[in-house]
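Chemist: Structure supplied as input32.cif; contents: mmCIF, C-alpha atoms; chains and numbers go by the auth columns.
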data_start
#
loop_
_atom_site.group_PDB
_atom_site.id
_atom_site.type_symbol
_atom_site.label_atom_id
_atom_site.label_comp_id
_atom_site.label_asym_id
_atom_site.label_seq_id
_atom_site.Cartn_x
_atom_site.Cartn_y
_atom_site.Cartn_z
_atom_site.B_iso_or_equiv
_atom_site.auth_seq_id
_atom_site.auth_asym_id
ATOM 1 C CA MET A 1 21.235 44.099 -25.723 0.00 30 A
ATOM 2 C CA GLY A 2 20.437 40.474 -25.493 0.00 31 A
ATOM 3 C CA LYS A 3 18.055 37.854 -26.614 0.00 32 A
ATOM 4 C CA GLN A 4 14.343 38.376 -26.508 0.00 33 A
ATOM 5 C CA THR A 5 12.690 36.271 -23.856 0.00 34 A
ATOM 6 C CA ARG A 6 10.826 33.310 -25.272 0.00 35 A
ATOM 7 C CA ALA A 7 7.049 33.427 -24.997 0.00 36 A
ATOM 8 C CA ARG A 8 5.673 31.201 -22.270 0.00 37 A
ATOM 9 C CA VAL A 9 4.196 28.010 -23.721 0.00 38 A
ATOM 10 C CA LEU A 10 2.242 26.985 -20.619 0.00 39 A
ATOM 11 C CA GLY A 11 -0.670 28.730 -18.950 0.00 40 A
ATOM 12 C CA ASP A 12 -0.348 30.911 -15.866 0.00 41 A
ATOM 13 C CA ASN A 13 -1.550 28.077 -13.618 0.00 42 A
ATOM 14 C CA GLN A 14 0.914 25.480 -14.972 0.00 43 A
ATOM 15 C CA ALA A 15 4.523 24.468 -14.364 0.00 44 A
ATOM 16 C CA MET A 16 6.795 21.954 -16.061 0.00 45 A
ATOM 17 C CA ALA A 17 9.879 19.817 -15.503 0.00 46 A
ATOM 18 C CA VAL A 18 11.837 17.658 -17.953 0.00 47 A
ATOM 19 C CA ALA A 19 14.141 14.730 -17.178 0.00 48 A
ATOM 20 C CA ARG A 20 16.400 13.825 -20.097 0.00 49 A
ATOM 21 C CA ASN A 21 18.735 10.921 -20.888 0.00 50 A
ATOM 22 C CA ILE A 22 17.001 8.435 -18.632 0.00 51 A
ATOM 23 C CA ARG A 23 18.566 5.013 -19.165 0.00 52 A
ATOM 24 C CA VAL A 24 15.378 3.045 -19.809 0.00 53 A
ATOM 25 C CA SER A 25 13.348 2.314 -22.919 0.00 54 A
ATOM 26 C CA PRO A 26 10.493 4.745 -23.609 0.00 55 A
ATOM 27 C CA ARG A 27 8.030 1.865 -23.524 0.00 56 A
ATOM 28 C CA LYS A 28 8.916 0.948 -19.949 0.00 57 A
ATOM 29 C CA LEU A 29 8.977 4.591 -18.862 0.00 58 A
ATOM 30 C CA ASN A 30 5.499 5.114 -20.298 0.00 59 A
ATOM 31 C CA LEU A 31 4.135 2.356 -18.033 0.00 60 A
ATOM 32 C CA VAL A 32 5.210 4.400 -15.002 0.00 61 A
ATOM 33 C CA ALA A 33 3.991 7.683 -16.521 0.00 62 A
ATOM 34 C CA GLN A 34 0.533 6.174 -17.072 0.00 63 A
ATOM 35 C CA GLN A 35 0.196 5.572 -13.349 0.00 64 A
ATOM 36 C CA ILE A 36 0.403 9.270 -12.471 0.00 65 A
ATOM 37 C CA ARG A 37 -1.466 11.009 -15.312 0.00 66 A
ATOM 38 C CA GLY A 38 -4.453 13.015 -14.071 0.00 67 A
ATOM 39 C CA LYS A 39 -3.791 12.377 -10.367 0.00 68 A
ATOM 40 C CA LYS A 40 -3.265 14.925 -7.614 0.00 69 A
ATOM 41 C CA VAL A 41 0.438 15.376 -6.927 0.00 70 A
ATOM 42 C CA ASP A 42 0.398 13.962 -3.389 0.00 71 A
ATOM 43 C CA ARG A 43 -1.345 10.814 -4.659 0.00 72 A
ATOM 44 C CA ALA A 44 1.089 10.586 -7.592 0.00 73 A
ATOM 45 C CA LEU A 45 4.082 10.855 -5.248 0.00 74 A
ATOM 46 C CA ASN A 46 2.688 8.003 -3.149 0.00 75 A
ATOM 47 C CA VAL A 47 2.187 5.841 -6.240 0.00 76 A
ATOM 48 C CA LEU A 48 5.778 6.460 -7.346 0.00 77 A
ATOM 49 C CA THR A 49 7.212 5.900 -3.870 0.00 78 A
ATOM 50 C CA PHE A 50 5.710 2.433 -3.585 0.00 79 A
ATOM 51 C CA SER A 51 6.039 1.396 -7.224 0.00 80 A
ATOM 52 C CA PRO A 52 8.160 -1.736 -7.811 0.00 81 A
ATOM 53 C CA LYS A 53 9.545 -0.332 -11.088 0.00 82 A
ATOM 54 C CA ARG A 54 13.226 0.669 -11.035 0.00 83 A
ATOM 55 C CA ILE A 55 12.660 3.909 -12.937 0.00 84 A
ATOM 56 C CA ALA A 56 9.917 5.186 -10.595 0.00 85 A
ATOM 57 C CA GLY A 57 12.523 6.975 -8.444 0.00 86 A
ATOM 58 C CA THR A 58 13.712 9.059 -11.392 0.00 87 A
ATOM 59 C CA VAL A 59 10.139 9.934 -12.362 0.00 88 A
ATOM 60 C CA LYS A 60 9.468 10.920 -8.739 0.00 89 A
ATOM 61 C CA LYS A 61 12.455 13.305 -8.812 0.00 90 A
ATOM 62 C CA CYS A 62 11.107 14.897 -12.003 0.00 91 A
ATOM 63 C CA LEU A 63 7.642 15.282 -10.452 0.00 92 A
ATOM 64 C CA GLN A 64 9.152 16.867 -7.331 0.00 93 A
ATOM 65 C CA SER A 65 11.049 19.276 -9.592 0.00 94 A
ATOM 66 C CA ALA A 66 7.809 20.250 -11.354 0.00 95 A
ATOM 67 C CA ILE A 67 6.154 20.829 -7.965 0.00 96 A
ATOM 68 C CA ALA A 68 9.093 22.982 -6.828 0.00 97 A
ATOM 69 C CA ASN A 69 8.935 24.975 -10.077 0.00 98 A
ATOM 70 C CA ALA A 70 5.229 25.569 -9.550 0.00 99 A
ATOM 71 C CA GLU A 71 5.739 26.737 -5.983 0.00 100 A
ATOM 72 C CA ASN A 72 8.875 28.849 -6.350 0.00 101 A
ATOM 73 C CA ASN A 73 8.719 30.179 -9.904 0.00 102 A
ATOM 74 C CA HIS A 74 4.984 30.552 -10.492 0.00 103 A
ATOM 75 C CA ASP A 75 3.556 30.988 -6.957 0.00 104 A
ATOM 76 C CA LEU A 76 1.045 28.139 -7.288 0.00 105 A
ATOM 77 C CA ASP A 77 -0.546 26.357 -4.331 0.00 106 A
ATOM 78 C CA VAL A 78 1.010 22.901 -3.902 0.00 107 A
ATOM 79 C CA ASP A 79 -2.158 21.424 -2.374 0.00 108 A
ATOM 80 C CA ASP A 80 -4.190 22.132 -5.537 0.00 109 A
ATOM 81 C CA LEU A 81 -1.711 20.738 -8.091 0.00 110 A
ATOM 82 C CA VAL A 82 -2.715 17.973 -10.502 0.00 111 A
ATOM 83 C CA VAL A 83 -0.500 16.107 -12.988 0.00 112 A
ATOM 84 C CA LYS A 84 -1.956 17.404 -16.241 0.00 113 A
ATOM 85 C CA GLU A 85 0.524 15.775 -18.593 0.00 114 A
ATOM 86 C CA ALA A 86 3.255 13.150 -18.318 0.00 115 A
ATOM 87 C CA SER A 87 4.627 12.623 -21.808 0.00 116 A
ATOM 88 C CA VAL A 88 7.436 10.259 -22.707 0.00 117 A
ATOM 89 C CA GLY A 89 9.776 10.651 -25.665 0.00 118 A
ATOM 90 C CA LYS A 90 12.687 8.876 -27.282 0.00 119 A
ATOM 91 C CA ASN A 91 16.230 10.054 -26.763 0.00 120 A
ATOM 92 C CA LEU A 92 19.517 8.713 -28.066 0.00 121 A
ATOM 93 C CA VAL A 93 20.193 5.031 -28.755 0.00 122 A
ATOM 94 C CA MET A 94 23.575 3.504 -27.910 0.00 123 A
ATOM 95 C CA LYS A 95 24.463 0.815 -30.422 0.00 124 A
ATOM 96 C CA ARG A 96 26.657 -2.040 -29.283 0.00 125 A
ATOM 97 C CA PHE A 97 27.455 -5.452 -30.670 0.00 126 A
ATOM 98 C CA HIS A 98 27.682 -8.903 -29.238 0.00 127 A
ATOM 99 C CA ALA A 99 30.090 -11.367 -30.868 0.00 128 A
ATOM 100 C CA ARG A 100 28.287 -14.335 -32.374 0.00 129 A
ATOM 101 C CA ALA A 101 29.343 -17.569 -34.020 0.00 130 A
ATOM 102 C CA ARG A 102 31.514 -17.743 -37.177 0.00 131 A
ATOM 103 C CA GLY A 103 32.651 -14.121 -37.011 0.00 132 A
ATOM 104 C CA ASN A 104 29.160 -12.614 -37.054 0.00 133 A
ATOM 105 C CA ALA A 105 27.891 -9.903 -34.756 0.00 134 A
ATOM 106 C CA GLY A 106 24.531 -9.496 -33.076 0.00 135 A
ATOM 107 C CA GLY A 107 23.285 -5.948 -32.642 0.00 136 A
ATOM 108 C CA ILE A 108 22.348 -4.589 -29.243 0.00 137 A
ATOM 109 C CA GLU A 109 20.486 -1.299 -28.853 0.00 138 A
ATOM 110 C CA LYS A 110 20.454 0.480 -25.509 0.00 139 A
ATOM 111 C CA PHE A 111 17.603 2.964 -25.449 0.00 140 A
ATOM 112 C CA PHE A 112 17.370 6.249 -23.598 0.00 141 A
ATOM 113 C CA ALA A 113 14.176 8.205 -22.922 0.00 142 A
ATOM 114 C CA GLN A 114 12.978 11.524 -21.575 0.00 143 A
ATOM 115 C CA ILE A 115 9.887 12.513 -19.620 0.00 144 A
ATOM 116 C CA THR A 116 8.076 15.836 -19.484 0.00 145 A
ATOM 117 C CA ILE A 117 5.747 16.422 -16.546 0.00 146 A
ATOM 118 C CA VAL A 118 3.301 19.347 -16.519 0.00 147 A
ATOM 119 C CA VAL A 119 1.428 20.152 -13.309 0.00 148 A
ATOM 120 C CA GLU A 120 -1.604 22.397 -13.186 0.00 149 A
ATOM 121 C CA GLU A 121 -3.322 24.187 -10.335 0.00 150 A
ATOM 122 C CA LYS A 122 -6.981 23.189 -10.133 0.00 151 A
ATOM 123 C CA ARG A 123 -9.023 24.624 -7.316 0.00 152 A
ATOM 124 C CA GLU A 124 -11.820 22.398 -6.119 0.00 153 A
ATOM 125 C CA GLU A 125 -14.635 24.491 -4.736 0.00 154 A
ATOM 126 C CA LYS A 126 -16.779 22.547 -2.336 0.00 155 A
ATOM 127 C CA THR A 127 -20.489 22.915 -2.849 0.00 156 A
ATOM 128 C CA GLU A 128 -22.930 22.918 0.031 0.00 157 A
ATOM 129 C CA GLU A 129 -24.267 19.506 -0.985 0.00 158 A
ATOM 130 C CA ALA A 130 -20.847 17.898 -0.913 0.00 159 A
ATOM 131 C CA ALA A 131 -19.936 19.559 2.382 0.00 160 A
ATOM 132 C CA ALA A 132 -23.085 18.386 4.179 0.00 161 A
ATOM 133 C CA PRO A 133 -22.982 14.727 5.243 0.00 162 A
ATOM 134 C CA LYS A 134 -25.466 12.582 3.404 0.00 163 A
ATOM 135 C CA ALA A 135 -28.083 10.739 5.443 0.00 164 A
ATOM 136 C CA LYS A 136 -28.086 6.997 5.019 0.00 165 A
ATOM 137 C CA ALA A 137 -31.046 5.708 3.102 0.00 166 A
ATOM 138 C CA LYS A 138 -33.178 3.244 5.039 0.00 167 A
ATOM 139 C CA ARG A 139 -33.897 -0.099 3.488 0.00 168 A
ATOM 140 C CA LYS A 140 -37.380 -0.539 2.285 0.00 169 A
ATOM 141 C CA THR A 141 -39.165 -3.651 3.449 0.00 170 A
ATOM 142 C CA VAL A 142 -40.617 -5.664 0.630 0.00 171 A
ATOM 143 C CA LYS A 143 -44.299 -6.351 1.070 0.00 172 A
ATOM 144 C CA LYS A 144 -45.529 -9.798 0.251 0.00 173 A
ATOM 145 C CA PRO A 145 -48.039 -10.142 -2.559 0.00 174 A
ATOM 146 C CA ALA A 146 -51.688 -10.481 -1.484 0.00 175 A
ATOM 147 C CA ALA A 147 -51.922 -14.095 -2.670 0.00 176 A
ATOM 148 C CA LYS A 148 -49.009 -15.230 -0.483 0.00 177 A
ATOM 149 C CA ALA A 149 -50.323 -13.287 2.493 0.00 178 A
ATOM 150 C CA LYS A 150 -53.719 -15.112 2.285 0.00 179 A
ATOM 151 C CA LYS A 151 -52.049 -18.542 2.094 0.00 180 A
ATOM 152 C CA GLU A 152 -49.909 -17.831 5.159 0.00 181 A
ATOM 153 C CA ALA A 153 -52.924 -16.548 7.101 0.00 182 A
ATOM 154 C CA ALA A 154 -54.914 -19.737 6.406 0.00 183 A
#
Translate the structure described by the file into structure tokens.
Modeler:
Amino acid sequence: MGKQTRARVLGDNQAMAVARNIRVSPRKLNLVAQQIRGKKVDRALNVLTFSPKRIAGTVKKCLQSAIANAENNHDLDVDDLVVKEASVGKNLVMKRFHARARGNAGGIEKFFAQITIVVEEKREEKTEEAAAPKAKAKRKTVKKPAAKAKKEAA
């Protein structure tokens, strides 16, 4: 006797991780999330490692958690993972006040956000054309018009 297991929302080739209560506004977090959407995970990790944004380290931890979930829980190949979705949402808002002149108060809102990262296994099958090195095209020499050729000959 126990609860019924919840139906899996994601596909068989997907894994997810969520980071909640991140102390940054959702707007700023979305700027970092935009940088990794649609990229392969190794490229996304590099982008986050060298990003100047303060919150990039937290997003990197969440991405690493999604990769670990894919590898350990769903037996997906890490080399074929792509960041399918990096969605940002609002979380709680701490409300504070700042004392102002003549007994007034100025409101201060401290925003929190959350990020959900979904990684998906996409196998890239190499075709024979892509595998074979392409030959460099030779430059074509431009022939001079007949009128110019006659003038130069004379």
Chemist: Determine the nearest neighbour of Asp104 in chain A from the options A:Val117, A:Thr34, A:Lys57, A:Asp41, counting only C-alpha atoms.
Modeler: A:Asp41
Chemist: Would you please work out which residue, of A:Val53, A:Ala115, A:Val38, A:Ala130, is nearest to Ala142 in chain A when using all atoms listed in the file?
Modeler: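 Smallest distance to Ala142 in chain A is found for A:Val53.
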Chemist: Under the PyMOL selection byres ((chain A and resi 59) around 12), which residues of this model are included? Write them out as a ChimeraX atom specification.
Modeler: /A:53-58,60-66,82,84-85,88,114-119,142-146
Chemist: Mind telling me what the PyMOL selection byres ((chain A and resi 138) around 8) catches here, as a PDB file with C-alpha atoms, in the frame of the given file?
Modeler:
ATOM      1  CA  VAL A 122      20.193   5.031 -28.755  1.00  0.00           C
ATOM      2  CA  MET A 123      23.575   3.504 -27.910  1.00  0.00           C
ATOM      3  CA  LYS A 124      24.463   0.815 -30.422  1.00  0.00           C
ATOM      4  CA  ARG A 125      26.657  -2.040 -29.283  1.00  0.00           C
ATOM      5  CA  GLY A 136      23.285  -5.948 -32.642  1.00  0.00           C
ATOM      6  CA  ILE A 137      22.348  -4.589 -29.243  1.00  0.00           C
ATOM      7  CA  LYS A 139      20.454   0.480 -25.509  1.00  0.00           C
ATOM      8  CA  PHE A 140      17.603   2.964 -25.449  1.00  0.00           C
TER       9      PHE A 140
END
Chemist: Select, from A:His103, A:Lys69, A:Ala97, A:Phe141, the residue with the minimum atom-to-atom distance to Ala48 in chain A, counting all atoms listed in the file.
Modeler: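 Looking at the shortest contact to Ala48 in chain A, the residue is A:Phe141.
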Chemist: When you draw a straight line from CA of Val107 in chain A to CA of Val47 in chain A, how long is it in Å?
Modeler: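 A separation of 18.5 Å between them.
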Chemist: So how far away is CA of Arg49 in chain A from CA of Glu150 in chain A, in Å?
Modeler: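 Computing it gives 24.3 Å between the two atoms.
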Chemist: Specify the axis-aligned box that encloses all atoms of range 146-156 of chain A listed in the file after padding of 5 Å on each side, stating its centre and edge lengths in Å to one decimal as JSON.
Modeler:
{"center_x": -7.4, "center_y": 20.5, "center_z": -9.4, "size_x": 36.2, "size_y": 18.2, "size_z": 24.2}
Chemist: What does the distance from CA of Gly86 in chain A to CA of Asn102 in chain A come to in Å, to one decimal?
Modeler: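 Separating CA of Gly86 in chain A from CA of Asn102 in chain A is a distance of 23.6 Å.
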Chemist: Could you pull out every residue with an atom within 7 Å of (-3.6, 25.3, -11.4), file coordinates, counting all atoms listed in the file, and send them as a PyMOL selection string?
Modeler: chain A and resi 42-43+105+109-110+149-152
Chemist: Of the residues A:Glu153, A:Gly132, A:Cys91, A:Leu121, which is the one nearest to Met45 in chain A, using all atoms listed in the file?
Modeler: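 Looking only at the distances to Met45 in chain A, the closest residue turns out to be A:Cys91.
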